[in-house]
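Pasted below: start.pdb, PDB, C-alpha atoms.
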ATOM      1  CA  MET A  25      86.921 138.856  97.582
ATOM      2  CA  ALA A  26      87.697 135.927  99.905
ATOM      3  CA  GLN A  27      91.347 135.515 100.833
ATOM      4  CA  SER A  28      93.099 132.420  99.528
ATOM      5  CA  LEU A  29      94.316 130.059 102.239
ATOM      6  CA  ILE A  30      97.539 129.517 100.326
ATOM      7  CA  THR A  31     100.184 132.151 101.071
ATOM      8  CA  GLU A  32     103.561 132.736  99.421
ATOM      9  CA  GLU A  33     105.221 131.472 102.580
ATOM     10  CA  MET A  34     103.304 128.179 102.237
ATOM     11  CA  LYS A  35     104.179 127.863  98.547
ATOM     12  CA  ARG A  36     107.880 128.030  99.441
ATOM     13  CA  VAL A  37     107.538 124.794 101.411
ATOM     14  CA  VAL A  38     106.505 122.851  98.309
ATOM     15  CA  GLY A  39     109.261 120.525  97.056
ATOM     16  CA  VAL A  40     111.565 121.007 100.056
ATOM     17  CA  PRO A  41     112.364 117.629 101.650
ATOM     18  CA  THR A  42     112.538 117.269 105.436
ATOM     19  CA  GLU A  43     115.798 116.338 107.139
ATOM     20  CA  PRO A  44     116.026 112.549 106.900
ATOM     21  CA  THR A  45     115.108 110.499 109.955
ATOM     22  CA  VAL A  46     116.769 107.171 110.683
ATOM     23  CA  ILE A  47     114.536 104.389 112.011
ATOM     24  CA  GLU A  48     115.317 100.847 113.082
ATOM     25  CA  ILE A  49     112.844  98.068 112.404
ATOM     26  CA  ASP A  50     112.417  96.133 115.613
ATOM     27  CA  LYS A  51     110.433  93.048 116.577
ATOM     28  CA  SER A  52     108.438  94.574 119.407
ATOM     29  CA  ALA A  53     107.171  97.394 117.206
ATOM     30  CA  ILE A  54     106.043  94.918 114.538
ATOM     31  CA  LEU A  55     104.269  92.839 117.178
ATOM     32  CA  ARG A  56     102.447  95.844 118.655
ATOM     33  CA  PHE A  57     101.358  96.997 115.191
ATOM     34  CA  CYS A  58     100.071  93.554 114.212
ATOM     35  CA  GLU A  59      98.129  93.257 117.470
ATOM     36  CA  ALA A  60      96.568  96.680 116.938
ATOM     37  CA  VAL A  61      95.375  95.894 113.402
ATOM     38  CA  GLY A  62      94.570  92.252 114.187
ATOM     39  CA  ASP A  63      96.936  90.689 111.633
ATOM     40  CA  PRO A  64      98.338  87.331 112.823
ATOM     41  CA  ASN A  65     100.333  86.437 109.689
ATOM     42  CA  PRO A  66     103.373  84.382 110.799
ATOM     43  CA  MET A  67     105.524  86.042 108.121
ATOM     44  CA  TRP A  68     105.500  89.113 110.392
ATOM     45  CA  LEU A  69     105.417  87.391 113.772
ATOM     46  CA  ASP A  70     106.893  83.881 113.818
ATOM     47  CA  GLY A  71     110.672  83.756 113.444
ATOM     48  CA  ASP A  72     110.793  80.020 112.723
ATOM     49  CA  TYR A  73     108.066  80.227 110.095
ATOM     50  CA  ALA A  74     109.521  83.344 108.513
ATOM     51  CA  ARG A  75     113.053  81.887 108.356
ATOM     52  CA  SER A  76     111.840  78.808 106.499
ATOM     53  CA  HIS A  77     109.869  80.852 103.948
ATOM     54  CA  ARG A  78     110.407  83.304 101.140
ATOM     55  CA  TYR A  79     112.279  86.128 102.831
ATOM     56  CA  GLY A  80     114.420  84.008 105.141
ATOM     57  CA  GLY A  81     113.358  85.985 108.181
ATOM     58  CA  ILE A  82     110.679  88.160 109.697
ATOM     59  CA  VAL A  83     109.480  91.010 107.500
ATOM     60  CA  ALA A  84     107.147  93.820 108.478
ATOM     61  CA  PRO A  85     103.616  93.912 107.038
ATOM     62  CA  PRO A  86     103.574  96.351 104.106
ATOM     63  CA  THR A  87     101.612  99.090 105.869
ATOM     64  CA  PHE A  88     103.805  98.964 108.976
ATOM     65  CA  LEU A  89     105.579 102.035 107.602
ATOM     66  CA  ALA A  90     102.286 103.948 107.993
ATOM     67  CA  ALA A  91     103.010 104.096 111.719
ATOM     68  CA  ALA A  92     103.504 107.757 112.557
ATOM     69  CA  ARG A  93     106.808 107.026 114.287
ATOM     70  CA  LEU A  94     108.202 105.564 111.099
ATOM     71  CA  ARG A  95     107.328 108.540 108.927
ATOM     72  CA  GLY A  96     109.921 110.893 110.338
ATOM     73  CA  ALA A  97     109.503 114.650 110.350
ATOM     74  CA  ARG A  98     106.533 116.259 108.631
ATOM     75  CA  PRO A  99     107.100 119.362 106.548
ATOM     76  CA  THR A 100     105.606 122.379 108.318
ATOM     77  CA  VAL A 101     103.067 124.247 106.241
ATOM     78  CA  PRO A 102     102.252 127.490 108.103
ATOM     79  CA  HIS A 103      98.497 127.497 107.496
ATOM     80  CA  GLY A 104      97.323 128.102 111.067
ATOM     81  CA  LEU A 105      94.316 125.812 110.652
ATOM     82  CA  LYS A 106      93.516 123.886 113.796
ATOM     83  CA  ARG A 107      91.861 120.726 112.575
ATOM     84  CA  VAL A 108      93.193 117.976 110.344
ATOM     85  CA  LEU A 109      91.942 114.718 108.890
ATOM     86  CA  ASP A 110      93.864 112.061 107.008
ATOM     87  CA  GLY A 111      92.400 111.846 103.504
ATOM     88  CA  GLY A 112      94.220 108.656 102.556
ATOM     89  CA  GLY A 113      96.801 108.021  99.875
ATOM     90  CA  GLU A 114      98.725 105.675  97.622
ATOM     91  CA  TRP A 115     101.581 103.454  98.614
ATOM     92  CA  GLU A 116     104.156 101.739  96.441
ATOM     93  CA  PHE A 117     106.297  98.891  97.724
ATOM     94  CA  PHE A 118     109.687  98.092  96.195
ATOM     95  CA  ARG A 119     111.498  95.877  98.679
ATOM     96  CA  PRO A 120     110.573  93.989 101.837
ATOM     97  CA  VAL A 121     111.197  95.643 105.183
ATOM     98  CA  ARG A 122     113.214  93.175 107.243
ATOM     99  CA  LEU A 123     113.644  92.907 110.977
ATOM    100  CA  GLY A 124     116.827  94.781 111.786
ATOM    101  CA  ASP A 125     116.718  97.050 108.740
ATOM    102  CA  VAL A 126     117.764 100.641 109.283
ATOM    103  CA  LEU A 127     115.641 102.885 107.119
ATOM    104  CA  THR A 128     116.053 106.541 106.247
ATOM    105  CA  VAL A 129     112.842 108.470 105.616
ATOM    106  CA  THR A 130     112.163 111.924 104.224
ATOM    107  CA  THR A 131     108.984 113.758 103.190
ATOM    108  CA  LYS A 132     108.173 116.704 100.970
ATOM    109  CA  VAL A 133     105.009 118.586 100.088
ATOM    110  CA  ILE A 134     104.162 118.093  96.434
ATOM    111  CA  ASP A 135     100.844 119.911  96.152
ATOM    112  CA  LEU A 136      98.660 122.460  97.938
ATOM    113  CA  THR A 137      95.047 123.046  96.933
ATOM    114  CA  GLU A 138      92.050 124.596  98.631
ATOM    115  CA  ARG A 139      88.396 123.756  98.413
ATOM    116  CA  GLU A 140      85.180 125.043  99.893
ATOM    117  CA  GLY A 141      83.630 122.312 102.002
ATOM    118  CA  LYS A 142      80.717 121.988 104.413
ATOM    119  CA  MET A 143      83.077 122.886 107.235
ATOM    120  CA  GLY A 144      84.338 126.006 105.453
ATOM    121  CA  LYS A 145      87.573 126.518 103.555
ATOM    122  CA  MET A 146      89.687 123.378 103.466
ATOM    123  CA  LEU A 147      93.370 123.085 102.591
ATOM    124  CA  PHE A 148      94.508 119.842 100.973
ATOM    125  CA  ILE A 149      98.201 119.109 101.447
ATOM    126  CA  VAL A 150      99.693 116.277  99.399
ATOM    127  CA  THR A 151     103.014 114.910 100.609
ATOM    128  CA  GLU A 152     105.382 112.288  99.283
ATOM    129  CA  THR A 153     107.385 110.168 101.745
ATOM    130  CA  THR A 154     110.314 108.005 100.662
ATOM    131  CA  TRP A 155     112.006 105.228 102.608
ATOM    132  CA  LYS A 156     115.425 103.802 101.734
ATOM    133  CA  ASN A 157     117.215 101.002 103.520
ATOM    134  CA  GLN A 158     120.791 100.724 104.817
ATOM    135  CA  SER A 159     121.985  99.732 101.325
ATOM    136  CA  ASN A 160     120.435 102.937  99.958
ATOM    137  CA  GLU A 161     117.806 100.887  98.102
ATOM    138  CA  LEU A 162     114.343 102.335  97.679
ATOM    139  CA  VAL A 163     111.967 100.415  99.939
ATOM    140  CA  ALA A 164     108.654 102.283  99.733
ATOM    141  CA  LYS A 165     107.001 105.499  98.678
ATOM    142  CA  ALA A 166     103.805 106.982 100.053
ATOM    143  CA  LYS A 167     101.746 109.813  98.697
ATOM    144  CA  GLY A 168      99.233 111.106 101.223
ATOM    145  CA  THR A 169      96.652 113.847 101.534
ATOM    146  CA  SER A 170      95.869 115.718 104.720
ATOM    147  CA  ILE A 171      92.701 117.773 104.901
ATOM    148  CA  ASN A 172      93.155 120.870 107.059
ATOM    149  CA  TYR A 173      90.226 123.035 108.091
TER
ATOM    150  CA  MET B  10      98.095  78.177 106.020
ATOM    151  CA  PRO B  11      95.763  78.106 102.994
ATOM    152  CA  LYS B  12      96.961  76.856  99.607
ATOM    153  CA  GLN B  13      99.008  79.414  97.680
ATOM    154  CA  ILE B  14      96.937  81.206  95.054
ATOM    155  CA  CYS B  15      98.373  81.506  91.536
ATOM    156  CA  TRP B  16      97.723  83.987  88.754
ATOM    157  CA  GLU B  17      95.897  81.292  86.789
ATOM    158  CA  ASP B  18      93.434  80.800  89.660
ATOM    159  CA  VAL B  19      91.873  84.264  89.409
ATOM    160  CA  GLU B  20      89.655  85.964  86.847
ATOM    161  CA  VAL B  21      88.258  89.465  86.594
ATOM    162  CA  GLY B  22      85.498  89.497  89.180
ATOM    163  CA  SER B  23      87.132  86.893  91.459
ATOM    164  CA  GLU B  24      86.497  87.833  95.046
ATOM    165  CA  MET B  25      89.092  87.916  97.792
ATOM    166  CA  PRO B  26      88.230  85.968 100.929
ATOM    167  CA  PRO B  27      86.718  88.685 103.146
ATOM    168  CA  VAL B  28      88.271  89.543 106.496
ATOM    169  CA  SER B  29      86.139  90.746 109.409
ATOM    170  CA  LYS B  30      87.353  93.394 111.813
ATOM    171  CA  VAL B  31      86.038  94.832 115.050
ATOM    172  CA  GLY B  32      87.306  98.281 115.985
ATOM    173  CA  THR B  33      87.078  98.901 119.714
ATOM    174  CA  SER B  34      88.064 101.773 121.958
ATOM    175  CA  ARG B  35      90.802  99.427 123.143
ATOM    176  CA  SER B  36      92.113  98.797 119.628
ATOM    177  CA  LEU B  37      92.241 102.557 119.078
ATOM    178  CA  VAL B  38      94.470 102.871 122.122
ATOM    179  CA  GLU B  39      96.582  99.948 120.885
ATOM    180  CA  PHE B  40      96.946 101.550 117.481
ATOM    181  CA  ALA B  41      97.847 104.921 118.972
ATOM    182  CA  GLY B  42     100.597 103.290 120.992
ATOM    183  CA  ALA B  43     101.782 101.038 118.183
ATOM    184  CA  SER B  44     101.903 103.776 115.595
ATOM    185  CA  GLY B  45     102.808 106.818 117.654
ATOM    186  CA  ASP B  46      99.752 108.695 116.371
ATOM    187  CA  PHE B  47      98.430 110.265 119.548
ATOM    188  CA  ASN B  48      95.888 112.556 117.924
ATOM    189  CA  PRO B  49      93.132 112.872 120.584
ATOM    190  CA  LEU B  50      90.661 112.604 117.705
ATOM    191  CA  HIS B  51      91.034 108.878 118.308
ATOM    192  CA  TYR B  52      90.541 108.651 122.063
ATOM    193  CA  GLU B  53      89.055 111.815 123.560
ATOM    194  CA  ASP B  54      85.318 112.584 123.290
ATOM    195  CA  ASP B  55      85.425 116.377 123.645
ATOM    196  CA  PHE B  56      88.313 116.731 121.216
ATOM    197  CA  ALA B  57      86.577 114.565 118.618
ATOM    198  CA  LYS B  58      83.425 116.686 119.012
ATOM    199  CA  ALA B  59      85.407 119.913 118.574
ATOM    200  CA  GLN B  60      86.945 118.482 115.403
ATOM    201  CA  GLY B  61      83.460 118.025 114.022
ATOM    202  CA  VAL B  62      83.433 114.224 113.896
ATOM    203  CA  GLY B  63      81.138 113.593 116.862
ATOM    204  CA  ASN B  64      83.002 110.854 118.700
ATOM    205  CA  PRO B  65      86.487 109.316 118.534
ATOM    206  CA  ILE B  66      87.072 107.594 115.194
ATOM    207  CA  ILE B  67      89.194 104.683 114.038
ATOM    208  CA  HIS B  68      92.599 105.779 112.673
ATOM    209  CA  GLY B  69      92.654 105.825 108.895
ATOM    210  CA  GLN B  70      96.052 104.147 108.922
ATOM    211  CA  CYS B  71      94.586 101.346 111.047
ATOM    212  CA  LYS B  72      92.015 100.728 108.330
ATOM    213  CA  ARG B  73      94.837 100.736 105.814
ATOM    214  CA  GLY B  74      96.403  97.995 107.964
ATOM    215  CA  TRP B  75      93.099  96.090 107.837
ATOM    216  CA  LEU B  76      93.147  96.301 104.043
ATOM    217  CA  SER B  77      96.759  95.125 103.987
ATOM    218  CA  HIS B  78      95.663  92.092 106.021
ATOM    219  CA  LEU B  79      92.939  91.380 103.436
ATOM    220  CA  VAL B  80      95.332  91.628 100.499
ATOM    221  CA  MET B  81      98.271  89.762 102.053
ATOM    222  CA  ASN B  82      95.965  86.888 103.032
ATOM    223  CA  PHE B  83      94.815  86.780  99.424
ATOM    224  CA  VAL B  84      98.275  86.824  97.824
ATOM    225  CA  GLY B  85      99.781  84.333 100.284
ATOM    226  CA  ASP B  86     103.442  83.911 101.157
ATOM    227  CA  GLU B  87     104.556  83.836  97.512
ATOM    228  CA  GLY B  88     102.542  86.831  96.317
ATOM    229  CA  THR B  89     103.839  90.402  96.422
ATOM    230  CA  LEU B  90     102.000  93.634  97.118
ATOM    231  CA  LYS B  91     103.207  96.382  94.795
ATOM    232  CA  LYS B  92     100.694  99.173  95.360
ATOM    233  CA  LEU B  93      97.942  99.902  97.829
ATOM    234  CA  SER B  94      95.782 103.001  97.902
ATOM    235  CA  CYS B  95      92.736 103.970  99.894
ATOM    236  CA  GLN B  96      90.686 107.022 100.765
ATOM    237  CA  PHE B  97      89.260 107.678 104.196
ATOM    238  CA  ARG B  98      85.795 108.714 103.102
ATOM    239  CA  GLY B  99      83.597 107.671 105.989
ATOM    240  CA  MET B 100      84.123 107.870 109.708
ATOM    241  CA  ASP B 101      84.180 104.583 111.580
ATOM    242  CA  TYR B 102      83.284 104.566 115.250
ATOM    243  CA  PRO B 103      84.645 101.845 117.557
ATOM    244  CA  ARG B 104      82.663  99.630 119.871
ATOM    245  CA  LYS B 105      83.137 100.412 123.546
ATOM    246  CA  MET B 106      84.587  97.909 126.006
ATOM    247  CA  LYS B 107      82.281  95.827 128.214
ATOM    248  CA  THR B 108      85.070  94.114 130.169
ATOM    249  CA  MET B 109      88.839  94.444 130.067
ATOM    250  CA  GLY B 110      89.033  92.104 127.115
ATOM    251  CA  GLU B 111      85.626  92.103 125.495
ATOM    252  CA  PRO B 112      83.760  94.799 123.608
ATOM    253  CA  PHE B 113      80.008  95.285 123.689
ATOM    254  CA  ASP B 114      78.052  93.692 120.867
ATOM    255  CA  GLY B 115      77.858  96.052 117.975
ATOM    256  CA  GLU B 116      79.267  96.853 114.594
ATOM    257  CA  THR B 117      81.478  94.460 112.646
ATOM    258  CA  TRP B 118      83.389  95.744 109.626
ATOM    259  CA  TRP B 119      84.293  93.690 106.581
ATOM    260  CA  CYS B 120      87.340  94.075 104.386
ATOM    261  CA  LYS B 121      86.525  92.906 100.894
ATOM    262  CA  GLY B 122      88.048  92.939  97.457
ATOM    263  CA  LYS B 123      87.712  91.722  93.920
ATOM    264  CA  VAL B 124      89.928  91.388  90.877
ATOM    265  CA  THR B 125      89.474  94.091  88.249
ATOM    266  CA  LYS B 126      92.312  93.280  85.835
ATOM    267  CA  LYS B 127      95.017  90.706  85.235
ATOM    268  CA  TYR B 128      98.034  91.159  82.972
ATOM    269  CA  VAL B 129     101.639  90.230  82.381
ATOM    270  CA  GLN B 130     104.236  92.995  82.405
ATOM    271  CA  ASP B 131     108.036  92.626  82.291
ATOM    272  CA  GLY B 132     107.629  88.916  82.870
ATOM    273  CA  GLU B 133     105.649  89.367  86.084
ATOM    274  CA  HIS B 134     102.014  88.327  86.558
ATOM    275  CA  PHE B 135     100.002  91.275  87.829
ATOM    276  CA  VAL B 136      96.521  91.482  89.285
ATOM    277  CA  ASP B 137      94.735  94.767  89.970
ATOM    278  CA  CYS B 138      92.007  94.722  92.613
ATOM    279  CA  GLU B 139      89.336  96.920  94.031
ATOM    280  CA  ILE B 140      89.392  96.725  97.827
ATOM    281  CA  TRP B 141      87.343  98.345 100.556
ATOM    282  CA  VAL B 142      86.292  98.419 104.180
ATOM    283  CA  GLU B 143      82.542  98.120 104.575
ATOM    284  CA  ASN B 144      80.686  99.075 107.737
ATOM    285  CA  ALA B 145      77.717  97.238 109.245
ATOM    286  CA  LYS B 146      75.348  99.191 106.996
ATOM    287  CA  GLY B 147      77.243  97.986 103.928
ATOM    288  CA  GLU B 148      78.693 101.454 103.239
ATOM    289  CA  LYS B 149      82.205 101.538 101.794
ATOM    290  CA  THR B 150      83.846 103.867 104.293
ATOM    291  CA  THR B 151      87.331 103.151 102.988
ATOM    292  CA  PRO B 152      87.427 102.448  99.259
ATOM    293  CA  GLY B 153      90.749 101.548  97.676
ATOM    294  CA  ALA B 154      92.783  99.598  95.174
ATOM    295  CA  ALA B 155      95.700  97.200  95.210
ATOM    296  CA  THR B 156      98.158  95.935  92.622
ATOM    297  CA  VAL B 157      99.783  92.594  93.365
ATOM    298  CA  ILE B 158     102.074  90.085  91.665
ATOM    299  CA  LEU B 159     101.068  86.444  91.959
ATOM    300  CA  PRO B 160     103.181  83.397  91.226
ATOM    301  CA  SER B 161     102.346  81.683  87.966
ATOM    302  CA  ARG B 162     102.196  77.954  87.423
ATOM    303  CA  GLY B 163     103.734  78.491  84.014
ATOM    304  CA  LYS B 164     106.836  80.178  85.533
ATOM    305  CA  LYS B 165     109.881  78.038  86.411
TER
END
As structure tokens, how would this structure be written, given the file I've shared?
Amino acid sequence: MAQSLITEEMKRVVGVPTEPTVIEIDKSAILRFCEAVGDPNPMWLDGDYARSHRYGGIVAPPTFLAAARLRGARPTVPHGLKRVLDGGGEWEFFRPVRLGDVLTVTTKVIDLTEREGKMGKMLFIVTETTWKNQSNELVAKAKGTSINY
Amino acid sequence: MPKQICWEDVEVGSEMPPVSKVGTSRSLVEFAGASGDFNPLHYEDDFAKAQGVGNPIIHGQCKRGWLSHLVMNFVGDEGTLKKLSCQFRGMDYPRKMKTMGEPFDGETWWCKGKVTKKYVQDGEHFVDCEIWVENAKGEKTTPGAATVILPSRGKK
């Protein structure tokens, strides 16, 4: 009988949030991200434009929080598998992320499943990441799947 | 900037203005630096081969950023993105660089989307959309969905 990838030790990780990480939203980081994805929207890049429009100042593009640096610590699932692919996920946006905001981010595993794939046994880890701003308001939530094999 | 779109301007089936993207080995390096994702899957040939993907691939989160560009262009300054989801189904391989600034001719990707539903909820005017990144062969490597709120002409 084939051994399940999912051990008791791994199951204990489910639902346990990581220690929160504090991140500051700075202009240079927004600029680098926008250059890398090719998004020239002045709401993210032009202070004068942004100040005279809806948010009264520069805001980050919604998926800026996808930057690995802004996701804080990842929960460690002791699976020992060497390879990983990002399967994608769902994001929900509650408030704009403003230049100068100080966000607190934490992540927890919410699901572990295994599947047989063409590259052998694969472990799907679903995590939920939550960002709050300096006023303790919920800013964004991301649910993501990593495929480990 | 283009004219602001309103909820009354779209119908089920309305298409978003498509956005073209060119992933290059340079943009992979830029994204690695910008995001802090230094997985060698995205810049080292041997590592990518050992991972079973053949050659370095475009970061999934970069493609998510491409899709955000598509949607935010569509909703304009007064629209709001509420939800965005996507799955990284297909691998996308970047063009290599010919000169310091220019890539070789090659693949161009298109970010596209269309409206699937429109509704009013809690006084807000919602639009659900199907969105995707399409490679040069027309394959949807990164299918997804977005939920946005658009301003309404009827709203004060």
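What separates atom CA of Val142 of chain B from atom CA of Ala53 of chain A is a distance of 24.6 Å.
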So that I can see what lies close to segment 23-27 of chain B, please list as a PyMOL selection string the residues with an atom at most 6 Å from it, counting all atoms listed in the file and leaving out residues fewer than 4 positions away in the same chain. chain B and resi 19+120-124
What residues come out when you apply the ChimeraX specification (/A :<8) & /B to this file, written as an mmCIF file with C-alpha atoms, in the frame of the given file?
data_model
loop_
_atom_site.group_PDB
_atom_site.id
_atom_site.type_symbol
_atom_site.label_atom_id
_atom_site.label_comp_id
_atom_site.auth_asym_id
_atom_site.auth_seq_id
_atom_site.Cartn_x
_atom_site.Cartn_y
_atom_site.Cartn_z
ATOM 1 C CA LYS B 30 87.353 93.394 111.813
ATOM 2 C CA SER B 36 92.113 98.797 119.628
ATOM 3 C CA LEU B 37 92.241 102.557 119.078
ATOM 4 C CA GLU B 39 96.582 99.948 120.885
ATOM 5 C CA PHE B 40 96.946 101.550 117.481
ATOM 6 C CA ALA B 43 101.782 101.038 118.183
ATOM 7 C CA SER B 44 101.903 103.776 115.595
ATOM 8 C CA GLY B 45 102.808 106.818 117.654
ATOM 9 C CA ASP B 46 99.752 108.695 116.371
ATOM 10 C CA GLN B 60 86.945 118.482 115.403
ATOM 11 C CA GLY B 69 92.654 105.825 108.895
ATOM 12 C CA GLN B 70 96.052 104.147 108.922
ATOM 13 C CA CYS B 71 94.586 101.346 111.047
ATOM 14 C CA LYS B 72 92.015 100.728 108.330
ATOM 15 C CA ARG B 73 94.837 100.736 105.814
ATOM 16 C CA GLY B 74 96.403 97.995 107.964
ATOM 17 C CA TRP B 75 93.099 96.090 107.837
ATOM 18 C CA SER B 77 96.759 95.125 103.987
ATOM 19 C CA HIS B 78 95.663 92.092 106.021
ATOM 20 C CA ASN B 82 95.965 86.888 103.032
ATOM 21 C CA ASP B 86 103.442 83.911 101.157
ATOM 22 C CA GLU B 87 104.556 83.836 97.512
ATOM 23 C CA LEU B 90 102.000 93.634 97.118
ATOM 24 C CA LYS B 91 103.207 96.382 94.795
ATOM 25 C CA LYS B 92 100.694 99.173 95.360
ATOM 26 C CA LEU B 93 97.942 99.902 97.829
ATOM 27 C CA SER B 94 95.782 103.001 97.902
ATOM 28 C CA CYS B 95 92.736 103.970 99.894
ATOM 29 C CA GLN B 96 90.686 107.022 100.765
ATOM 30 C CA PHE B 97 89.260 107.678 104.196
ATOM 31 C CA ARG B 98 85.795 108.714 103.102
#
Nearby residues (all atoms listed in the file) at most 7 Å from segment 28-37 of chain A, same-chain spacing under 2 positions excluded, as a VMD selection string: chain A and resid 26 39 to 40 101 to 102 133 138
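In this comparison, which uses only C-alpha atoms, the residue of B:Cys15, B:Phe47, B:Arg35, B:Val21 approaching Lys127 of chain B most closely is B:Val21.
Between Leu127 of chain A and the residues A:Thr151, A:Ser76, A:Asn160, A:Thr42, the shortest atom-to-atom distance, using all atoms listed in the file, involves A:Asn160.
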Is there a way to get, as a list in words, all residues within 10 Å of the point (96.6, 95.2, 86.9) in file coordinates, counting only C-alpha atoms?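 I get Val124, Thr125, Lys126, Lys127, Tyr128, Val129, Gln130, His134, Phe135, Val136, Asp137, Cys138, Ala155, Thr156, Val157 and Ile158 of chain B for the residues within 10 Å of that point.
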Could you write out as an MDAnalysis selection string the residues that the PyMOL selection byres ((chain B and resi 109-113) around 12) matches in the shown file? chainID B and resid 31:36 103:108 114:117
